[in-house]
Every structure is written in C-alpha cells, then in structure tokens.
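Participant: My structure is stored as start.txt, with compact mmCIF, C-alpha atoms.
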# COMPACT_ATOMS: atom_id res chain seq x y z
CA MET A 1 10.51 34.40 -12.33
CA CYS A 2 7.64 36.90 -12.16
CA VAL A 3 6.33 39.87 -14.12
CA GLU A 4 5.29 42.12 -11.25
CA ASN A 5 7.55 45.00 -12.33
CA THR A 6 6.18 45.10 -15.87
CA PRO A 7 4.12 48.24 -16.60
CA PRO A 8 0.36 47.78 -16.89
CA PRO A 9 -1.04 47.10 -20.37
CA SER A 10 -1.82 50.16 -22.42
CA ASN A 11 -5.44 50.87 -23.34
CA ARG A 12 -4.18 52.89 -26.31
CA LEU A 13 -3.49 49.68 -28.20
CA THR A 14 -7.12 48.59 -28.05
CA ARG A 15 -8.34 50.27 -31.21
CA ARG A 16 -4.95 50.58 -32.82
CA GLY A 17 -2.39 48.00 -33.93
CA VAL A 18 -3.45 44.95 -31.92
CA LEU A 19 -7.10 44.95 -32.91
CA ALA A 20 -6.40 46.12 -36.44
CA GLY A 21 -4.34 42.96 -36.80
CA ALA A 22 -7.13 40.88 -35.23
CA ALA A 23 -9.64 42.33 -37.69
CA ALA A 24 -7.34 41.51 -40.58
CA LEU A 25 -6.94 37.90 -39.37
CA ALA A 26 -10.67 37.52 -38.87
CA GLY A 27 -11.47 39.09 -42.22
CA THR A 28 -13.90 41.53 -40.63
CA SER A 29 -12.26 44.63 -42.11
CA ALA A 30 -12.88 43.31 -45.61
CA VAL A 31 -16.48 42.45 -44.78
CA LEU A 32 -17.21 45.92 -43.44
CA ALA A 33 -15.49 47.52 -46.42
CA GLY A 34 -17.60 45.37 -48.72
CA THR A 35 -20.92 45.97 -47.01
CA ALA A 36 -20.62 49.68 -46.25
CA PRO A 37 -21.19 50.91 -49.84
CA ALA A 38 -24.21 48.63 -50.24
CA ALA A 39 -25.68 49.89 -47.01
CA SER A 40 -25.26 53.51 -47.98
CA ALA A 41 -26.59 52.97 -51.48
CA SER A 42 -29.73 51.13 -50.39
CA SER A 43 -32.87 52.62 -48.96
CA SER A 44 -32.41 53.52 -45.30
CA ALA A 45 -36.00 52.54 -44.64
CA ARG A 46 -35.25 49.05 -45.90
CA HIS A 47 -31.76 48.42 -44.57
CA GLY A 48 -31.13 51.08 -41.94
CA SER A 49 -27.86 52.95 -41.61
CA PRO A 50 -24.63 51.03 -40.81
CA GLY A 51 -24.72 49.84 -37.22
CA ARG A 52 -28.49 50.25 -36.97
CA GLY A 53 -30.94 47.38 -37.06
CA GLY A 54 -33.49 46.86 -39.78
CA ASP A 55 -37.27 47.23 -39.98
CA LEU A 56 -39.31 44.08 -40.57
CA VAL A 57 -42.68 42.51 -39.87
CA VAL A 58 -42.87 38.75 -39.30
CA GLU A 59 -46.43 37.54 -39.52
CA GLY A 60 -48.69 34.52 -39.72
CA GLY A 61 -46.84 31.81 -37.78
CA ARG A 62 -47.08 30.28 -34.32
CA LEU A 63 -44.96 32.27 -31.87
CA LEU A 64 -43.26 30.38 -29.01
CA ASP A 65 -42.20 32.32 -25.91
CA PRO A 66 -39.54 30.19 -24.17
CA ALA A 67 -39.95 32.11 -20.92
CA THR A 68 -43.58 31.06 -20.43
CA GLY A 69 -44.01 28.22 -22.89
CA GLU A 70 -46.98 30.09 -24.36
CA VAL A 71 -47.75 29.52 -28.04
CA THR A 72 -49.53 32.32 -29.92
CA GLU A 73 -51.44 31.44 -33.09
CA ASP A 74 -51.38 33.77 -36.11
CA ALA A 75 -48.73 35.94 -34.48
CA VAL A 76 -47.24 39.22 -35.64
CA VAL A 77 -43.80 40.50 -34.65
CA VAL A 78 -43.04 44.13 -35.51
CA ILE A 79 -39.35 45.08 -35.58
CA ALA A 80 -38.17 48.68 -35.97
CA GLY A 81 -34.53 49.71 -35.86
CA GLY A 82 -33.60 46.14 -34.95
CA VAL A 83 -35.80 46.10 -31.83
CA VAL A 84 -39.13 44.37 -31.26
CA ARG A 85 -41.85 47.02 -30.92
CA ALA A 86 -44.78 44.60 -30.66
CA ALA A 87 -45.31 40.84 -30.61
CA GLY A 88 -48.48 38.84 -30.13
CA PRO A 89 -51.71 37.75 -31.77
CA ARG A 90 -52.65 39.69 -34.88
CA GLY A 91 -55.69 41.28 -33.27
CA GLN A 92 -53.71 42.69 -30.34
CA VAL A 93 -50.60 44.03 -32.08
CA GLY A 94 -52.34 47.06 -33.52
CA ARG A 95 -51.53 48.84 -36.74
CA VAL A 96 -48.63 47.35 -38.65
CA PRO A 97 -46.42 50.07 -40.19
CA GLY A 98 -46.70 50.46 -43.96
CA GLY A 99 -43.78 50.32 -46.36
CA VAL A 100 -41.89 47.81 -44.20
CA PRO A 101 -40.69 44.44 -45.57
CA VAL A 102 -42.86 41.51 -44.48
CA LEU A 103 -41.66 37.99 -43.80
CA ARG A 104 -44.65 35.65 -44.04
CA ALA A 105 -44.47 32.63 -41.75
CA HIS A 106 -47.87 31.00 -42.32
CA GLY A 107 -47.73 27.33 -41.37
CA GLN A 108 -44.38 27.83 -39.63
CA TRP A 109 -43.16 28.48 -36.09
CA ILE A 110 -41.50 31.66 -34.86
CA LEU A 111 -38.91 31.66 -32.06
CA PRO A 112 -36.28 34.06 -30.77
CA GLY A 113 -32.82 33.61 -32.25
CA LEU A 114 -30.77 31.08 -30.31
CA VAL A 115 -27.76 31.70 -28.07
CA ASP A 116 -24.53 29.69 -28.34
CA ALA A 117 -22.79 30.16 -24.99
CA HIS A 118 -19.50 28.52 -26.05
CA ILE A 119 -18.18 28.95 -29.58
CA HIS A 120 -14.83 29.83 -31.14
CA LEU A 121 -15.29 32.41 -33.91
CA ASN A 122 -12.03 33.21 -35.67
CA THR A 123 -13.27 34.60 -38.99
CA ALA A 124 -16.06 36.64 -40.50
CA ALA A 125 -17.12 33.57 -42.49
CA GLU A 126 -17.54 31.53 -39.31
CA ALA A 127 -19.48 34.36 -37.70
CA ARG A 128 -21.91 34.53 -40.60
CA ASP A 129 -22.25 30.74 -40.64
CA ALA A 130 -23.20 30.79 -36.95
CA VAL A 131 -25.99 33.28 -37.70
CA LEU A 132 -27.22 31.24 -40.67
CA LYS A 133 -27.42 28.18 -38.40
CA GLY A 134 -29.52 30.01 -35.85
CA ALA A 135 -27.09 31.50 -33.31
CA THR A 136 -27.91 35.21 -33.27
CA SER A 137 -26.13 35.72 -29.93
CA ALA A 138 -23.03 33.98 -28.60
CA ARG A 139 -20.16 33.91 -26.15
CA SER A 140 -16.64 33.27 -27.36
CA GLY A 141 -14.63 30.43 -25.89
CA SER A 142 -11.45 32.43 -26.72
CA THR A 143 -9.35 32.93 -29.86
CA ASN A 144 -5.59 32.97 -30.41
CA PHE A 145 -5.19 36.56 -31.60
CA TYR A 146 -8.25 38.54 -30.42
CA GLN A 147 -10.26 37.70 -33.55
CA ASP A 148 -13.38 37.38 -31.38
CA ILE A 149 -13.15 41.03 -30.37
CA ALA A 150 -13.00 41.97 -34.05
CA VAL A 151 -16.04 39.73 -34.69
CA ARG A 152 -17.89 41.49 -31.87
CA GLU A 153 -17.20 44.85 -33.53
CA LEU A 154 -18.40 43.45 -36.86
CA ALA A 155 -21.66 42.42 -35.17
CA ARG A 156 -22.13 45.95 -33.87
CA GLN A 157 -21.55 47.58 -37.25
CA ALA A 158 -23.20 45.00 -39.53
CA PRO A 159 -25.40 42.84 -37.28
CA GLU A 160 -26.59 40.59 -40.10
CA GLN A 161 -22.99 39.40 -40.50
CA ALA A 162 -22.29 38.09 -36.99
CA PRO A 163 -23.91 37.10 -33.70
CA ARG A 164 -24.17 39.57 -30.87
CA LEU A 165 -21.04 38.48 -29.01
CA ARG A 166 -19.37 38.38 -25.61
CA ALA A 167 -15.66 38.13 -26.41
CA ALA A 168 -13.14 36.26 -24.26
CA GLY A 169 -9.91 37.36 -25.94
CA VAL A 170 -6.98 34.96 -25.49
CA PHE A 171 -6.99 31.81 -23.36
CA VAL A 172 -5.48 31.98 -19.87
CA THR A 173 -3.53 28.72 -20.09
CA PRO A 174 -0.09 27.54 -18.91
CA ASP A 175 1.40 27.42 -22.42
CA LEU A 176 0.38 30.39 -24.57
CA GLY A 177 2.30 29.11 -27.60
CA ASP A 178 2.06 31.48 -30.55
CA THR A 179 -0.59 33.51 -28.69
CA ILE A 180 2.37 35.25 -27.05
CA LEU A 181 2.52 37.17 -30.37
CA ALA A 182 -1.06 38.41 -30.04
CA ASP A 183 -0.12 41.47 -28.03
CA PRO A 184 3.16 43.27 -27.22
CA ASP A 185 2.14 43.39 -23.56
CA LEU A 186 2.20 39.59 -23.39
CA ALA A 187 5.86 39.53 -24.47
CA PRO A 188 7.31 39.59 -20.91
CA LEU A 189 5.67 36.19 -20.33
CA ALA A 190 7.97 34.60 -22.93
CA ARG A 191 10.77 34.58 -20.32
CA LEU A 192 8.83 32.36 -17.89
CA ARG A 193 10.39 28.89 -17.86
CA ASP A 194 7.31 27.26 -16.28
CA GLY A 195 4.73 29.08 -18.35
CA VAL A 196 1.77 31.12 -17.13
CA ARG A 197 1.42 29.72 -13.61
CA SER A 198 2.43 32.32 -11.03
CA ALA A 199 -0.15 34.71 -9.62
CA ASP A 200 1.62 37.59 -11.36
CA ALA A 201 1.62 35.87 -14.75
CA LEU A 202 -2.01 34.82 -14.47
CA ARG A 203 -3.02 38.33 -13.51
CA ARG A 204 -1.02 39.70 -16.43
CA VAL A 205 -2.92 37.70 -19.06
CA VAL A 206 -6.23 38.68 -17.51
CA GLU A 207 -5.28 42.36 -17.42
CA VAL A 208 -4.08 42.38 -21.03
CA ASN A 209 -7.33 40.72 -22.12
CA LEU A 210 -9.42 43.28 -20.30
CA ALA A 211 -7.33 46.18 -21.62
CA ARG A 212 -8.06 44.94 -25.13
CA GLY A 213 -11.78 44.92 -24.46
CA ALA A 214 -12.59 41.31 -23.51
CA ASP A 215 -16.05 40.88 -21.97
CA THR A 216 -15.20 37.69 -20.09
CA ILE A 217 -12.16 35.55 -19.25
CA LYS A 218 -11.60 31.96 -20.40
CA THR A 219 -9.30 29.59 -18.52
CA ARG A 220 -8.89 25.89 -17.87
CA VAL A 221 -8.41 23.51 -14.98
CA ASN A 222 -7.81 20.32 -17.00
CA GLU A 223 -6.03 19.29 -20.18
CA ARG A 224 -7.97 19.00 -23.46
CA ALA A 225 -10.23 16.12 -24.46
CA GLY A 226 -9.85 16.85 -28.16
CA LEU A 227 -6.11 16.09 -28.31
CA PRO A 228 -5.27 12.37 -28.12
CA GLU A 229 -1.88 13.03 -26.52
CA GLN A 230 -3.47 14.84 -23.57
CA ASP A 231 -5.34 13.40 -20.62
CA PRO A 232 -8.40 15.55 -19.85
CA LEU A 233 -8.44 14.34 -16.25
CA VAL A 234 -4.99 15.83 -15.55
CA GLN A 235 -5.25 19.13 -13.69
CA VAL A 236 -3.17 22.10 -14.92
CA TYR A 237 -4.24 24.81 -12.44
CA ASP A 238 -5.04 24.37 -8.75
CA HIS A 239 -7.61 26.17 -6.60
CA GLU A 240 -5.19 28.96 -5.67
CA GLN A 241 -4.25 29.67 -9.28
CA LEU A 242 -7.88 29.66 -10.38
CA SER A 243 -8.70 32.03 -7.52
CA SER A 244 -6.04 34.44 -8.80
CA ILE A 245 -7.64 34.44 -12.25
CA VAL A 246 -11.14 34.99 -10.84
CA ALA A 247 -9.95 37.79 -8.55
CA ALA A 248 -8.19 39.61 -11.41
CA ALA A 249 -11.32 39.39 -13.55
CA ARG A 250 -13.65 40.47 -10.74
CA ARG A 251 -11.65 43.61 -10.13
CA ARG A 252 -12.95 44.76 -13.51
CA GLY A 253 -16.42 43.33 -13.02
CA LYS A 254 -15.89 40.34 -15.34
CA GLY A 255 -16.67 36.66 -14.95
CA VAL A 256 -14.66 33.56 -15.82
CA LEU A 257 -15.62 30.49 -17.84
CA CYS A 258 -13.53 27.41 -17.12
CA HIS A 259 -12.70 24.39 -19.29
CA SER A 260 -12.95 21.35 -16.99
CA TYR A 261 -13.43 17.59 -16.88
CA SER A 262 -12.33 15.91 -13.63
CA GLU A 263 -14.46 16.10 -10.49
CA LYS A 264 -11.63 17.63 -8.44
CA GLY A 265 -10.92 20.13 -11.19
CA CYS A 266 -14.61 21.04 -11.43
CA HIS A 267 -14.84 21.49 -7.67
CA ASP A 268 -11.69 23.63 -7.50
CA ALA A 269 -12.99 25.83 -10.32
CA VAL A 270 -16.45 26.28 -8.83
CA THR A 271 -15.19 27.04 -5.32
CA ALA A 272 -12.67 29.50 -6.81
CA GLY A 273 -15.66 31.51 -8.01
CA ILE A 274 -15.96 30.91 -11.76
CA ARG A 275 -19.13 32.08 -13.51
CA SER A 276 -19.63 28.98 -15.65
CA LEU A 277 -18.27 25.45 -15.84
CA GLU A 278 -17.54 24.28 -19.40
CA HIS A 279 -17.67 20.60 -20.48
CA GLY A 280 -17.54 19.20 -16.92
CA ALA A 281 -18.07 15.55 -17.88
CA PHE A 282 -17.19 14.12 -14.48
CA VAL A 283 -18.67 16.84 -12.29
CA GLY A 284 -19.92 15.23 -9.08
CA GLU A 285 -22.91 15.71 -6.83
CA ARG A 286 -21.07 17.76 -4.22
CA THR A 287 -19.91 20.18 -6.92
CA LEU A 288 -23.37 20.40 -8.46
CA HIS A 289 -24.80 21.31 -5.06
CA GLU A 290 -22.11 23.99 -4.75
CA MET A 291 -23.00 25.28 -8.22
CA ARG A 292 -26.66 25.55 -7.30
CA ARG A 293 -25.77 27.44 -4.11
CA ARG A 294 -23.51 29.87 -5.96
CA GLY A 295 -25.59 30.21 -9.13
CA THR A 296 -22.72 28.83 -11.23
CA TYR A 297 -23.80 27.92 -14.76
CA PHE A 298 -23.10 24.61 -16.47
CA THR A 299 -22.29 24.68 -20.21
CA PRO A 300 -21.76 20.99 -21.03
CA THR A 301 -21.02 21.33 -24.78
CA LEU A 302 -22.59 17.94 -25.51
CA THR A 303 -22.15 18.56 -29.24
CA ALA A 304 -18.38 18.64 -28.91
CA ILE A 305 -18.24 15.45 -26.85
CA ALA A 306 -20.61 13.69 -29.25
CA GLY A 307 -18.29 14.80 -32.04
CA LEU A 308 -15.36 13.05 -30.40
CA ALA A 309 -17.24 9.76 -30.62
CA GLU A 310 -17.32 10.19 -34.41
CA SER A 311 -13.58 10.89 -34.69
CA SER A 312 -11.36 8.82 -36.98
CA ASP A 313 -8.77 8.81 -34.19
CA PRO A 314 -9.39 5.70 -32.04
CA VAL A 315 -8.31 7.41 -28.82
CA LEU A 316 -10.70 10.32 -29.35
CA ALA A 317 -13.52 8.07 -30.52
CA GLU A 318 -13.26 5.91 -27.40
CA ARG A 319 -13.05 9.03 -25.25
CA GLY A 320 -16.21 10.42 -26.80
CA ARG A 321 -18.11 7.14 -26.41
CA THR A 322 -17.05 6.96 -22.76
CA TYR A 323 -17.63 10.60 -21.84
CA LEU A 324 -20.95 11.29 -23.59
CA PRO A 325 -23.23 9.09 -21.43
CA VAL A 326 -21.47 10.30 -18.29
CA LEU A 327 -21.97 13.91 -19.35
CA LYS A 328 -25.63 13.34 -20.17
CA ARG A 329 -26.19 11.98 -16.67
CA ALA A 330 -24.42 15.03 -15.23
CA VAL A 331 -26.65 17.36 -17.28
CA LEU A 332 -29.81 15.70 -16.02
CA ALA A 333 -28.56 15.70 -12.42
CA ALA A 334 -27.71 19.39 -12.71
CA HIS A 335 -31.12 20.20 -14.15
CA GLU A 336 -32.96 18.26 -11.44
CA LEU A 337 -30.95 20.07 -8.75
CA GLY A 338 -31.71 23.48 -10.25
CA VAL A 339 -28.23 24.26 -11.58
CA PRO A 340 -28.67 26.75 -14.46
CA LEU A 341 -27.76 25.27 -17.84
CA ALA A 342 -26.58 27.03 -20.99
CA ALA A 343 -26.24 25.54 -24.47
CA GLY A 344 -22.90 25.78 -26.25
CA THR A 345 -21.48 23.87 -29.21
CA ASP A 346 -17.75 24.51 -28.66
CA SER A 347 -17.52 24.86 -32.44
CA SER A 348 -13.96 25.51 -33.62
CA GLY A 349 -11.47 24.81 -36.36
CA GLY A 350 -13.53 26.39 -39.12
CA THR A 351 -16.60 24.20 -38.60
CA VAL A 352 -19.72 25.73 -37.03
CA ASP A 353 -22.18 23.24 -35.56
CA PRO A 354 -25.83 24.32 -35.38
CA ILE A 355 -26.79 25.33 -31.87
CA GLY A 356 -30.03 23.46 -32.45
CA ARG A 357 -28.04 20.22 -32.24
CA GLU A 358 -27.01 21.10 -28.68
CA VAL A 359 -30.67 21.65 -27.80
CA GLU A 360 -31.47 18.18 -29.18
CA LEU A 361 -28.74 16.66 -27.04
CA MET A 362 -30.01 18.48 -23.95
CA HIS A 363 -33.38 16.84 -24.62
CA ALA A 364 -31.68 13.47 -25.14
CA ALA A 365 -30.07 13.92 -21.71
CA GLY A 366 -33.52 14.04 -20.13
CA LEU A 367 -34.72 17.66 -20.28
CA SER A 368 -38.19 18.39 -21.63
CA ALA A 369 -38.28 19.97 -25.09
CA LEU A 370 -39.20 23.36 -23.60
CA ASP A 371 -36.48 23.23 -20.96
CA ALA A 372 -33.95 22.21 -23.61
CA ILE A 373 -34.98 25.23 -25.72
CA ARG A 374 -34.55 27.45 -22.68
CA THR A 375 -30.88 26.44 -22.40
CA ALA A 376 -30.32 28.15 -25.78
CA THR A 377 -32.66 31.09 -25.17
CA THR A 378 -33.57 32.52 -21.76
CA GLY A 379 -30.97 30.48 -19.83
CA ALA A 380 -27.97 31.22 -22.02
CA ALA A 381 -29.08 34.84 -22.46
CA LYS A 382 -29.02 35.35 -18.69
CA LEU A 383 -25.53 33.86 -18.41
CA LEU A 384 -24.26 36.27 -21.05
CA GLY A 385 -26.01 39.28 -19.53
CA PHE A 386 -28.38 39.48 -22.50
CA ASP A 387 -31.50 38.58 -20.51
CA SER A 388 -33.25 41.85 -21.42
CA THR A 389 -32.05 41.65 -25.04
CA ALA A 390 -32.04 38.06 -26.29
CA GLY A 391 -33.93 34.83 -25.67
CA ARG A 392 -37.48 36.16 -26.17
CA LEU A 393 -39.52 38.03 -28.76
CA ALA A 394 -41.19 40.68 -26.63
CA ARG A 395 -41.30 44.45 -26.69
CA GLY A 396 -37.84 45.93 -26.20
CA PHE A 397 -35.96 42.73 -27.03
CA ALA A 398 -33.68 42.37 -30.05
CA GLY A 399 -35.31 41.62 -33.38
CA ASP A 400 -33.56 38.26 -33.71
CA VAL A 401 -35.93 35.62 -35.07
CA LEU A 402 -35.86 31.98 -36.09
CA VAL A 403 -38.57 30.71 -38.44
CA VAL A 404 -38.76 26.91 -38.59
CA ASP A 405 -40.81 24.43 -40.60
CA GLY A 406 -42.33 22.49 -37.75
CA ASP A 407 -43.27 22.38 -34.08
CA PRO A 408 -40.01 22.53 -32.09
CA LEU A 409 -41.79 21.20 -29.01
CA ALA A 410 -42.52 18.01 -30.97
CA ASP A 411 -39.33 17.87 -33.09
CA LEU A 412 -36.31 19.79 -31.87
CA GLY A 413 -34.50 18.83 -35.07
CA VAL A 414 -36.21 21.74 -36.85
CA LEU A 415 -34.00 24.14 -34.88
CA SER A 416 -30.93 22.88 -36.75
CA ARG A 417 -32.62 23.57 -40.10
CA PRO A 418 -34.02 27.11 -39.84
CA ALA A 419 -36.19 28.17 -42.76
CA ARG A 420 -35.32 31.83 -42.16
CA VAL A 421 -33.11 33.71 -39.75
CA VAL A 422 -33.58 37.36 -38.82
CA ARG A 423 -30.75 39.23 -37.10
CA ALA A 424 -31.52 42.68 -35.67
CA GLY A 425 -34.41 43.11 -38.11
CA PHE A 426 -32.44 41.97 -41.17
CA ALA A 427 -33.67 38.78 -42.85
CA VAL A 428 -30.72 36.65 -43.93
CA PRO A 429 -30.90 33.55 -46.12
CA ALA A 430 -31.23 30.16 -44.46
CA ALA A 431 -28.29 27.77 -44.37
CA ALA A 432 -28.04 25.42 -47.34
Output the structure of this file as structure tokens.

Facilitator:
Amino acid sequence: MCVENTPPPSNRLTRRGVLAGAAALAGTSAVLAGTAPAASASSSARHGSPGRGGDLVVEGGRLLDPATGEVTEDAVVVIAGGVVRAAGPRGQVGRVPGGVPVLRAHGQWILPGLVDAHIHLNTAAEARDAVLKGATSARSGSTNFYQDIAVRELARQAPEQAPRLRAAGVFVTPDLGDTILADPDLAPLARLRDGVRSADALRRVVEVNLARGADTIKTRVNERAGLPEQDPLVQVYDHEQLSSIVAAARRRGKGVLCHSYSEKGCHDAVTAGIRSLEHGAFVGERTLHEMRRRGTYFTPTLTAIAGLAESSDPVLAERGRTYLPVLKRAVLAAHELGVPLAAGTDSSGGTVDPIGREVELMHAAGLSALDAIRTATTGAAKLLGFDSTAGRLARGFAGDVLVVDGDPLADLGVLSRPARVVRAGFAVPAAA
C-alpha cells in the first residue's frame, strides 16, 4: 500500500493549527505571553525590543578563541543588539559604549556559548535549562509533535529563553506511533500495514516535516540502545530506503542526521548521503574513511552512552559498559583520520545534560582539551550552518558567552558549571 496519490502537504498549516498545538505542548506560548509585557515595560536600552538581542559589555577575563587556540588576557567583549561588535585586549577594543550593562569577569575565563548538536527539546523549561547549562545553540534530534519548531520560534522572539535551534520536526521511523497525530497530513500513513517503509511513505514524512518548517531531517538505521527490549544492532532501514529519505530532503536543500549503531548500518547511512552519523558505536574503519571523503560529521553522543552504564536496568547498564569504550575508540579513530566531530548530549525525557560533559568525554576519548572544545564550538557550529554566527566571540558573531571559574584547557569540568551565561547579549543566571 502506498501514499503516492495523496495531495502534497499544505504550507498553510505551518503557522496555524499544527504549530499552535506544538507551541501549547512545549509551553512556549505561555512563556512568550509572560515575557512580552516585561520586555515592553523595561528600558529598551537595557533589554532591547522583543526578538532583538541585548547590549552588554563583558570585561576583565581571559578570552579563549577556539578557532585559533589564542588566549587574550584582560579581554573586553562588546555586544550590541545581540551581536559582537568588538572582542580583544582592552587596549585594542576602543571606546566602550556608556550606559550599557557590564559583566565583570576578572579572574575568570570567557568562551563562546557552546553548541549541542543532538538534543531533544520538548518544552520551554527544557530549552531554558539547556541555555543555563551552556548550550546557546543546538540541533534538535526530533520531537513527537513539532515542539522543537515551537522552541526555535521562542528562541527567535525571546533568545534568553532558548538556544538558537535547528529543528528536525518528527522522526522518520518505521513506526510513528502517536506521532501520526502530530499533523493531519500524516494521517494517510495510518493505513500502512508495514509502517513507514516504502519510498512513497518515507518521502511523505520528509515532505510534511519540511512543509512545517523543519531545518533538517532525523531518521534511523538501527533500533534504539536505550530500550532494553530492542537490539541496537538490528537494522530497520536499508541503503535504498535511506537513499529515498536523503533524496527527499536534498530536494529542499536539507540534510539528514541518522541514528545508527552497527557497522553495516553506519556504512549504509553514510553511503546513502547523510549529513551526520549519530551515536555510531560500532562504526568501522572503512566507513570512517568514507566519512572523511564525503565530509560526513560524527556526533557520537558519548554522554548518552555513558548514561546507559549508570542505568538501574541491568540490560541497559551492561550495554552502556560494553558500548562506551568501543565508542571512545571510534571517536579517537575518527579524529585521527580527520572526520569532523560534533558534540551532542542526546538529552531527552525532561533531563538536560550539560554539553560540557560531552566535551569532557571527547577529551577522555583521546582528543586534546582544545580539540574537544572545538567539537562543541567551531565544529558543531559548522555542522549546523552556524559557522559565521556561533562558536567564536569575534566581530559579527552572536553575543553568546560562557564565563567559567577556571582554565578550561586545564580542567574541562568548568564547562559543565558555568558561572554566567550570556545569550544574544542577555545575561541569564547560572544553573544551580
């Protein structure tokens, strides 16, 4: 049974019923309603108008540029309208504007906000928690009912409330489950006895996602590691099916991130043309060479696999203990081959892990401290298409700042405990 005669999804739904429901589920409508009066009542010089970044000067700390590794003593970062206007040593920045809030960072280190390249943000509370824990930019790993698209809109209107986000919409997976209710244009798929497997059905989910405003497409090649009843080495889509998903996304200029574990699954996904390989515990040398040749990114989500090892479920705990050292070796092999790496926590289920923890685990896998930081700054920013916006504090980049109480090149643990976070020129309180 196919869906080829079903009309194309309607773009009219994008800002109407479907996404209004997503915003209600995510709680973003309430957040915007609650913040809008405060924004209008406060000084525009201090807070900016809704949707506009703030004005702020960060001064006195050591500034690390992940792109070059250069450390600047007694640095000053000037942010106006949410954008960095100047950054460097105090004597070279020039006149600092008067009447602008100042965040003093003497004795501390200043870095760009971090990038979480794989996170599941379903609510406004989770989005704010991600910012508080240092992720000022992110890429969604999908949501069930388009909540990530609502979170992305929240970030655009009230940037201090959510990371700058690339949304993935709903998961392209054989069994949509209740996600079939996310959009009326997915309803024809309910009649498919074998699930979302045919080229027509796969294309349909991709097209509905893109019509609703998804920035990227998320699919899978293997079953899940986080469910004890599933075997993550079992393949659910073959090379041909993955190629159909990639082709449908490429027609609209979008890339695909692919959940994967087995070597064959990883190889099928990479050769089908995905943009980034997620998890990938058993990715082999031949696939890593193919990834380097194609420029395919590797987002290993070490945090999620390490979390399995701490599970109270014996099956998951054993799986985590087995997979984590294998994945660490894969990360180091990828890095040594020149495969681009991106940090992602795979946070989900209402718990947001600090992206700094993923950086620590990258270092534990064998990367230098600076290279590990790059996976959550310049590397991840390039994957997300934010390479001229995020990942550095230089003129023209976003005013997203992390202030930490120690040298991250000596102790990466400070990244998980930011002293202050600045999002688009707005200073937000540090996580408790």

Participant: Interatomic distance between atom CA of Ala309 of chain A and atom CA of Arg321 of chain A?

Facilitator: 5.0 Å

Participant: Taking only residues of segment 137-197 of chain A that have an atom at most 6 Å from an atom of segment 106-128 of chain A, what is each one's shortest atom pair and its distance in Å to one decimal, using only C-alpha atoms, in chain and number order, as a tab-separated table?

Facilitator:
residue	atom	partner	partner_atom	distance
A:Ser137	CA	A:Val115	CA	4.7
A:Ala138	CA	A:Asp116	CA	4.6
A:Arg139	CA	A:Ala117	CA	4.7
A:Ser140	CA	A:Ile119	CA	5.1
A:Gly141	CA	A:His118	CA	5.2
A:Gln147	CA	A:Asn122	CA	5.3
A:Asp148	CA	A:Leu121	CA	5.9
A:Gln161	CA	A:Arg128	CA	5.0
A:Ala162	CA	A:Ala127	CA	4.7

Participant: Quick one: write out the picked residues with C-alpha atoms as a PDB file, in the frame of the given file?

Facilitator:
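The result, written out as part_20.pdb:
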ATOM      1  CA  SER A 137     -26.130  35.720 -29.930  1.00  0.00           C
ATOM      2  CA  ALA A 138     -23.030  33.980 -28.600  1.00  0.00           C
ATOM      3  CA  ARG A 139     -20.160  33.910 -26.150  1.00  0.00           C
ATOM      4  CA  SER A 140     -16.640  33.270 -27.360  1.00  0.00           C
ATOM      5  CA  GLY A 141     -14.630  30.430 -25.890  1.00  0.00           C
ATOM      6  CA  GLN A 147     -10.260  37.700 -33.550  1.00  0.00           C
ATOM      7  CA  ASP A 148     -13.380  37.380 -31.380  1.00  0.00           C
ATOM      8  CA  GLN A 161     -22.990  39.400 -40.500  1.00  0.00           C
ATOM      9  CA  ALA A 162     -22.290  38.090 -36.990  1.00  0.00           C
TER      10      ALA A 162
END

Participant: Suppose you want the space between atom CA of Arg152 of chain A and atom CA of Arg357 of chain A; what is it in Å?

Facilitator: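 Interatomic distance here is 23.6 Å.
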
Participant: Skipping near chain neighbours, those fewer than 4 positions away, what residues fall within 9 Å of Phe145 of chain A using all atoms listed in the file, listed as a tab-separated table (two decimals) with C-alpha atoms, in the coordinates of the input?

Facilitator:
chain	number	residue	atom	x	y	z
A	18	VAL	CA	-3.45	44.95	-31.92
A	19	LEU	CA	-7.10	44.95	-32.91
A	21	GLY	CA	-4.34	42.96	-36.80
A	22	ALA	CA	-7.13	40.88	-35.23
A	25	LEU	CA	-6.94	37.90	-39.37
A	122	ASN	CA	-12.03	33.21	-35.67
A	169	GLY	CA	-9.91	37.36	-25.94
A	170	VAL	CA	-6.98	34.96	-25.49
A	178	ASP	CA	2.06	31.48	-30.55
A	179	THR	CA	-0.59	33.51	-28.69
A	180	ILE	CA	2.37	35.25	-27.05
A	181	LEU	CA	2.52	37.17	-30.37
A	182	ALA	CA	-1.06	38.41	-30.04
A	183	ASP	CA	-0.12	41.47	-28.03

Participant: Counting all atoms listed in the file, which of A:His239, A:His259, A:Arg319, A:Arg224 gets nearest to Thr299 of chain A?

Facilitator: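 Residue with the minimum atom-to-atom distance to Thr299 of chain A: A:His259.
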
Participant: A:Arg52, A:Arg395, A:Arg62, A:Arg250: which is nearest Gly82 of chain A, counting all atoms listed in the file?

Facilitator: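 Checking each candidate against Gly82 of chain A, we get A:Arg52 as the closest.
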
Participant: Counting all atoms listed in the file, figure out which residue out of A:Val102, A:Leu210, A:Ala135, A:Val205 gets nearest to Val352 of chain A.

Facilitator: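 The closest residue to Val352 of chain A is A:Ala135.
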
Participant: Kindly indicate which residue among A:Leu308, A:Ala247, A:Ala199, A:Leu361 lies nearest to Leu227 of chain A, using all atoms listed in the file for the distances.

Facilitator: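 Using all atoms listed in the file, Leu227 of chain A sits closest to A:Leu308.
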
Participant: Return the single residue from A:Glu223, A:Glu207, A:Glu153, A:Glu59 that is closest to Val76 of chain A, with distances computed using only C-alpha atoms.

Facilitator: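 Smallest separation from Val76 of chain A among the options: A:Glu59.
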
Participant: Using Å and a single decimal, report how far atom CA of Phe282 of chain A sits from atom CA of Asn222 of chain A.

Facilitator: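 Interatomic distance here is 11.5 Å.
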
Participant: Point out the residue among A:Leu56, A:Leu402, A:Leu370, A:Ala30 with the least atom-to-atom distance to Glu70 of chain A, counting only C-alpha atoms.

Facilitator: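 Residue with the minimum atom-to-atom distance to Glu70 of chain A: A:Leu370.
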
Participant: Step by step: start from the point (-30.8, 28.3, -43.6) in the file's coordinates, keep every protein, DNA or RNA residue that has an atom no farther than 12 Å from it, count only C-alpha atoms, and write the set as a list in words.

Facilitator: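 Every residue inside that radius is included here: Arg128, Asp129, Ala130, Val131, Leu132, Lys133, Gly134, Ala135, Pro354, Leu402, Val403, Val404, Asp405, Val414, Leu415, Ser416, Arg417, Pro418, Ala419, Arg420, Val421, Val422, Ala427, Val428, Pro429, Ala430, Ala431 and Ala432 of chain A.
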
Participant: Could you name the residues that touch Val96 of chain A at 10 Å or less, counting only C-alpha atoms, but leaving out those on the same chain fewer than 5 positions away, as an MDAnalysis selection string?

Facilitator: chainID A and resid 57 76:78 86 90

Participant: Contacts of Asp268 of chain A at 8 Å or less, counting all atoms listed in the file, minus same-chain residues fewer than 4 places along, as number ranges by chain?

Facilitator: A: 238-239, 242, 264, 272

Participant: So that I can check the surroundings of Cys266 of chain A, please list as a PyMOL selection string every protein, DNA and RNA residue that reaches within 10 Å of it, counting only C-alpha atoms and ignoring chain neighbours fewer than 3 positions away.

Facilitator: chain A and resi 220-222+235+239+258-263+269-272+274+277-284+287-288+291
